[in-house]
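Here's run_28.csv, which has CSV, C-alpha atoms and all ligand atoms:
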```csv
chain,number,residue,atom,x,y,z
A,15,SER,CA,287.0,5.4,163.2
A,16,GLN,CA,286.2,2.7,165.7
A,17,ARG,CA,286.0,2.3,169.4
A,18,THR,CA,286.5,-0.6,171.8
A,19,LEU,CA,286.0,-1.4,175.5
A,20,VAL,CA,289.1,-2.6,177.3
A,21,LEU,CA,289.4,-4.0,180.8
A,22,LEU,CA,292.6,-4.3,182.7
A,23,LYS,CA,291.7,-7.2,184.9
A,24,PRO,CA,292.5,-7.3,188.7
A,25,ASP,CA,295.7,-9.3,188.1
A,26,THR,CA,297.1,-6.4,186.0
A,27,VAL,CA,296.3,-3.9,188.8
A,28,ARG,CA,297.7,-6.2,191.6
A,29,ARG,CA,300.9,-6.8,189.7
A,30,GLY,CA,301.6,-3.2,189.0
A,31,LEU,CA,301.2,-3.5,185.3
A,32,ILE,CA,298.6,-0.8,184.5
A,33,GLY,CA,301.3,1.5,183.1
A,34,GLU,CA,302.9,-1.2,181.1
A,35,VAL,CA,299.6,-2.3,179.4
A,36,VAL,CA,298.2,1.2,179.0
A,37,GLY,CA,301.5,2.3,177.5
A,38,ARG,CA,301.4,-0.3,174.8
A,39,ILE,CA,297.9,0.9,173.8
A,40,GLU,CA,298.8,4.6,174.1
A,41,ARG,CA,301.9,4.3,172.0
A,42,LYS,CA,300.0,2.9,169.1
A,43,ALA,CA,299.9,5.7,166.5
A,44,GLY,CA,296.5,7.2,165.8
A,45,TRP,CA,294.7,5.7,168.8
A,46,SER,CA,293.4,7.6,171.8
A,47,ILE,CA,292.0,6.8,175.2
A,48,THR,CA,288.7,8.6,175.5
A,49,ALA,CA,287.5,7.2,178.9
A,50,LEU,CA,289.3,5.6,181.8
A,51,GLU,CA,288.2,4.5,185.3
A,52,LEU,CA,289.6,2.4,188.1
A,53,ARG,CA,286.9,0.5,190.0
A,54,THR,CA,286.1,-2.8,191.7
A,55,LEU,CA,283.5,-4.4,189.4
A,56,ASP,CA,280.2,-5.5,191.0
A,57,ARG,CA,278.4,-8.7,190.2
A,58,GLY,CA,275.6,-7.0,188.2
A,59,THR,CA,278.1,-5.3,185.9
A,60,LEU,CA,280.0,-8.5,185.4
A,61,GLU,CA,276.8,-10.5,184.8
A,62,GLN,CA,275.9,-8.2,181.9
A,63,HIS,CA,279.5,-8.2,180.6
A,64,TYR,CA,279.9,-11.9,180.6
A,65,ALA,CA,276.3,-12.9,179.8
A,66,GLU,CA,277.5,-15.0,176.8
A,67,HIS,CA,279.5,-17.3,179.2
A,68,VAL,CA,276.7,-18.2,181.7
A,69,GLY,CA,276.7,-21.9,182.4
A,70,ARG,CA,280.3,-22.5,181.2
A,71,PRO,CA,282.5,-24.3,183.7
A,72,PHE,CA,284.8,-21.3,184.0
A,73,TYR,CA,282.0,-18.8,184.6
A,74,GLU,CA,281.8,-18.7,188.4
A,75,PRO,CA,285.6,-18.7,188.9
A,76,LEU,CA,285.9,-16.0,186.3
A,77,MET,CA,283.2,-13.8,188.0
A,78,ASP,CA,285.0,-14.2,191.4
A,79,PHE,CA,288.3,-13.3,189.9
A,80,MET,CA,287.0,-10.3,188.0
A,81,ALA,CA,285.4,-9.0,191.3
A,82,SER,CA,288.5,-9.8,193.4
A,83,GLY,CA,290.0,-6.2,193.3
A,84,PRO,CA,290.0,-3.1,191.3
A,85,ALA,CA,290.1,-3.2,187.5
A,86,VAL,CA,290.6,-0.5,185.0
A,87,ALA,CA,287.9,0.2,182.3
A,88,LEU,CA,288.9,2.2,179.2
A,89,VAL,CA,287.4,3.2,175.9
A,90,VAL,CA,290.0,3.4,173.1
A,91,GLU,CA,289.2,5.0,169.8
A,92,GLY,CA,291.0,4.8,166.5
A,93,GLU,CA,291.6,3.0,163.2
A,94,ARG,CA,290.7,-0.7,163.4
A,95,VAL,CA,291.0,-0.5,167.2
A,96,VAL,CA,288.8,-3.6,167.9
A,97,GLU,CA,291.0,-5.9,165.9
A,98,GLY,CA,294.1,-4.0,167.0
A,99,VAL,CA,293.8,-4.2,170.8
A,100,ARG,CA,293.0,-7.9,170.5
A,101,ALA,CA,296.2,-8.3,168.5
A,102,LEU,CA,298.1,-6.5,171.2
A,103,ALA,CA,296.5,-8.8,173.8
A,104,GLY,CA,297.2,-12.1,172.1
A,105,PRO,CA,295.1,-15.3,172.4
A,106,THR,CA,293.0,-16.0,175.4
A,107,ASP,CA,295.4,-18.7,176.7
A,108,PRO,CA,298.7,-17.1,177.7
A,109,ILE,CA,300.5,-20.3,176.9
A,110,ALA,CA,299.5,-20.0,173.3
A,111,ALA,CA,300.3,-16.2,173.2
A,112,ALA,CA,303.5,-15.1,171.4
A,113,PRO,CA,306.1,-13.1,173.2
A,114,GLY,CA,305.5,-9.4,172.4
A,115,SER,CA,301.8,-9.7,173.1
A,116,ILE,CA,300.5,-8.6,176.5
A,117,ARG,CA,299.3,-12.1,177.4
A,118,GLY,CA,302.5,-13.7,175.9
A,119,ASP,CA,304.7,-11.4,178.0
A,120,PHE,CA,302.9,-11.4,181.3
A,121,GLY,CA,300.2,-14.1,181.2
A,122,THR,CA,300.2,-17.0,183.6
A,123,ILE,CA,296.9,-19.0,183.5
A,124,VAL,CA,294.0,-18.7,181.2
A,125,ARG,CA,291.6,-17.1,183.7
A,126,GLU,CA,294.1,-14.5,184.8
A,127,ASN,CA,295.0,-13.2,181.4
A,128,LEU,CA,295.4,-9.5,182.2
A,129,ILE,CA,293.1,-7.8,179.7
A,130,HIS,CA,289.7,-7.9,178.0
A,131,ALA,CA,289.0,-6.3,174.7
A,132,SER,CA,285.7,-6.3,172.8
A,133,ASP,CA,285.6,-8.9,170.0
A,134,SER,CA,283.5,-6.9,167.5
A,135,GLU,CA,282.2,-3.4,166.9
A,136,GLU,CA,278.8,-4.7,168.1
A,137,SER,CA,280.3,-6.1,171.3
A,138,ALA,CA,282.2,-2.8,171.8
A,139,GLU,CA,279.0,-0.7,171.6
A,140,ARG,CA,277.2,-3.1,174.0
A,141,GLU,CA,280.1,-3.2,176.5
A,142,ILE,CA,280.8,0.6,176.4
A,143,LYS,CA,277.1,1.1,177.5
A,144,ILE,CA,277.7,-1.3,180.5
A,145,PHE,CA,280.9,0.4,181.8
A,146,PHE,CA,280.3,4.0,180.7
A,147,PRO,CA,276.5,4.5,180.5
A,148,GLY,CA,277.0,8.3,180.3
A,149,LEU,CA,279.1,8.1,177.1
A,150,ALA,CA,277.3,8.9,173.9
B,1,LIG,P1,288.0,-11.5,177.0
B,1,LIG,O1,288.7,-10.4,176.2
B,1,LIG,O2,288.3,-11.4,178.5
B,1,LIG,O3,286.5,-11.6,176.7
B,1,LIG,O4,288.8,-12.8,176.6
B,1,LIG,P2,288.6,-13.6,175.3
B,1,LIG,O5,287.6,-13.0,174.4
B,1,LIG,O6,290.0,-13.9,174.8
B,1,LIG,O7,288.0,-14.9,175.9
B,1,LIG,P3,286.5,-15.4,176.1
B,1,LIG,O8,285.5,-14.2,175.9
B,1,LIG,O9,286.3,-16.7,175.4
B,1,LIG,O10,286.5,-15.7,177.7
B,1,LIG,C1,286.4,-14.7,178.6
B,1,LIG,C2,287.4,-14.9,179.7
B,1,LIG,O11,287.0,-16.1,180.4
B,1,LIG,C3,288.8,-15.1,179.3
B,1,LIG,O12,289.5,-13.9,179.0
B,1,LIG,C4,289.4,-15.9,180.4
B,1,LIG,O13,289.7,-15.0,181.5
B,1,LIG,C5,288.2,-16.8,180.8
B,1,LIG,N1,288.2,-18.0,180.1
B,1,LIG,C6,287.9,-18.3,178.8
B,1,LIG,N2,288.0,-19.6,178.5
B,1,LIG,C7,288.4,-20.2,179.7
B,1,LIG,C8,288.7,-21.5,180.0
B,1,LIG,O14,288.7,-22.4,179.2
B,1,LIG,N3,289.1,-21.7,181.3
B,1,LIG,C9,289.2,-20.7,182.2
B,1,LIG,N4,289.6,-21.0,183.5
B,1,LIG,N5,288.9,-19.5,181.9
B,1,LIG,C10,288.6,-19.2,180.7
B,2,MG,MG,285.6,-12.4,175.0
```
Starting from the file, lay out its structure as structure tokens.
Ligand code: GTP
Ligand code: MG
Amino acid sequence: SQRTLVLLKPDTVRRGLIGEVVGRIERKAGWSITALELRTLDRGTLEQHYAEHVGRPFYEPLMDFMASGPAVALVVEGERVVEGVRALAGPTDPIAAAPGSIRGDFGTIVRENLIHASDSEESAEREIKIFFPGLA
């Protein structure tokens, strides 16, 4: 099977939506949560995580937002879970996200779009090392 790194961004925590979002992941048959931690992300961790976006106009506001309060990091394992969690999340821009998806149901603006999920198996392995260095 596959694993993926999921972040519930600070807007999810502030709005009391952890249970709602984790519930959608947990209810998916055949998937399991194998690591979970609530923590305020530091700049160093975020620089590693968002290295691909350095220099983009949204980079600094994104970094500030992501460090603005506690977030939840999870590892989810299961069949086609990389593609699957991104499907549950919906497109990056909540305006473009269909009702029924996490971003479509709760999203407001593109930066505060509730959830991150790795975009490939390679990204997942890279990101899991950043957030859960102790995990094999
Ligand atoms: P993640 O799962 O968080 O990586 O989102 P994504 O893969 O759907 O989007 P991407 O990796 O392209 O961008 C990372 C994050 O930067 C997004 O989730 C948004 O929070 C933010 N972001 C991306 N594009 C824009 C943009 O055009 N404007 C703003 N303000 N934020 C953006
Ligand atoms: Mg991304």
Could you list, as JSON, numbers by chain, all the residues within 9 Å of ligand LIG 1 (chain B), counting only C-alpha atoms and all ligand atoms? {"A": [20, 21, 23, 63, 64, 66, 67, 70, 71, 72, 73, 75, 76, 77, 79, 80, 100, 103, 104, 105, 106, 107, 123, 124, 125, 126, 127, 128, 129, 130, 131, 132, 133]}
Output file for the residues above (C-alpha atoms, as a tab-separated table (two decimals), in the frame of the given file):
```
chain	number	residue	atom	x	y	z
A	20	VAL	CA	289.10	-2.60	177.30
A	21	LEU	CA	289.40	-4.00	180.80
A	23	LYS	CA	291.70	-7.20	184.90
A	63	HIS	CA	279.50	-8.20	180.60
A	64	TYR	CA	279.90	-11.90	180.60
A	66	GLU	CA	277.50	-15.00	176.80
A	67	HIS	CA	279.50	-17.30	179.20
A	70	ARG	CA	280.30	-22.50	181.20
A	71	PRO	CA	282.50	-24.30	183.70
A	72	PHE	CA	284.80	-21.30	184.00
A	73	TYR	CA	282.00	-18.80	184.60
A	75	PRO	CA	285.60	-18.70	188.90
A	76	LEU	CA	285.90	-16.00	186.30
A	77	MET	CA	283.20	-13.80	188.00
A	79	PHE	CA	288.30	-13.30	189.90
A	80	MET	CA	287.00	-10.30	188.00
A	100	ARG	CA	293.00	-7.90	170.50
A	103	ALA	CA	296.50	-8.80	173.80
A	104	GLY	CA	297.20	-12.10	172.10
A	105	PRO	CA	295.10	-15.30	172.40
A	106	THR	CA	293.00	-16.00	175.40
A	107	ASP	CA	295.40	-18.70	176.70
A	123	ILE	CA	296.90	-19.00	183.50
A	124	VAL	CA	294.00	-18.70	181.20
A	125	ARG	CA	291.60	-17.10	183.70
A	126	GLU	CA	294.10	-14.50	184.80
A	127	ASN	CA	295.00	-13.20	181.40
A	128	LEU	CA	295.40	-9.50	182.20
A	129	ILE	CA	293.10	-7.80	179.70
A	130	HIS	CA	289.70	-7.90	178.00
A	131	ALA	CA	289.00	-6.30	174.70
A	132	SER	CA	285.70	-6.30	172.80
A	133	ASP	CA	285.60	-8.90	170.00
```
Which residues come within 9 Å of Glu135 (chain A), counting only C-alpha atoms, excluding same-chain residues fewer than 5 positions away, as an MDAnalysis selection string? chainID A and resid 16:18 96 140
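CA of Leu88 (chain A) lies 14.3 Å from CA of Ser137 (chain A).
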Using all atoms listed in the file: which of A:Ala138, A:Arg41, A:Gly148, A:Thr59 has the shortest distance to ligand MG 2 (chain B):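 Using all atoms listed in the file, ligand MG 2 (chain B) sits closest to A:Ala138.
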At most 10 Å is the cut-off: for each residue in region 76-126 of chain A with any atom that close to an atom of region 45-51 of chain A, write down the nearest atom pair and the distance in Å rounded to one decimal, counting only C-alpha atoms, chain first then increasing number, as a tab-separated table.
```
residue	atom	partner	partner_atom	distance
A:Pro84	CA	A:Glu51	CA	9.8
A:Ala85	CA	A:Glu51	CA	8.2
A:Val86	CA	A:Glu51	CA	5.6
A:Ala87	CA	A:Glu51	CA	5.3
A:Leu88	CA	A:Leu50	CA	4.3
A:Val89	CA	A:Ala49	CA	5.0
A:Val90	CA	A:Ile47	CA	4.5
A:Glu91	CA	A:Ser46	CA	5.3
A:Gly92	CA	A:Trp45	CA	4.4
A:Glu93	CA	A:Trp45	CA	6.9
A:Arg94	CA	A:Trp45	CA	9.3
A:Val95	CA	A:Trp45	CA	7.4
A:Gly98	CA	A:Trp45	CA	9.9
```
For ligand MG 2 (chain B), the nearest of the candidates A:Ser134, A:Ala112, A:Arg29, A:Ala101, counting only C-alpha atoms and all ligand atoms: A:Ser134
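Compared by their closest atoms to Leu55 (chain A), and using only C-alpha atoms, the residues A:Glu139, A:Glu34, A:Asp78, A:Glu40 rank with A:Asp78 nearest.
For the residues A:Arg57, A:Gly114, A:Glu141, A:Ala81, ranking by smallest atom-to-atom distance to ligand MG 2 (chain B) using only C-alpha atoms and all ligand atoms places A:Glu141 first.
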How many Å lie between CA of Gly69 (chain A) and CA of Phe120 (chain A), rounded to one decimal?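 Computing the Euclidean distance for CA of Gly69 (chain A) and CA of Phe120 (chain A) yields 28.2 Å.
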As JSON, please report the centre and edge lengths, rounded to one decimal in Å, of the axis-aligned box that holds all listed atoms of region 58-61 of chain A with 4 Å of padding on each of the six sides.
```
{"center_x": 277.8, "center_y": -7.9, "center_z": 186.5, "size_x": 12.4, "size_y": 13.2, "size_z": 11.4}
```
Among the residues A:Leu52, A:Ala65, A:Gly121, A:Leu102, the one that comes closest to Asp25 (chain A) [using only C-alpha atoms]: A:Gly121
What is the CA of Val68 (chain A) to CA of Ile109 (chain A) distance in Å?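 Interatomic distance, CA of Val68 (chain A) to CA of Ile109 (chain A): 24.4 Å.
Non-sequential neighbours of Gly83 (chain A) (distance at most 8 Å, separation of 5 or more positions within a chain, only C-alpha atoms) are Pro24, Arg28, Thr54 and Leu55 of chain A.
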Taking into account only C-alpha atoms, which residue in the set A:Asp119, A:Leu149, A:Val99, A:Leu60 is nearest to Lys42 (chain A)?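 Going through A:Asp119, A:Leu149, A:Val99, A:Leu60 one by one, the smallest distance to Lys42 (chain A) is for A:Val99.
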Extract, using all atoms listed in the file, all DNA, RNA and protein residues at most 9 Å from Val35 (chain A), discarding same-chain residues fewer than 2 positions from it, and format them as JSON, numbers by chain. {"A": [22, 26, 31, 32, 33, 37, 38, 39, 40, 116, 128, 129]}
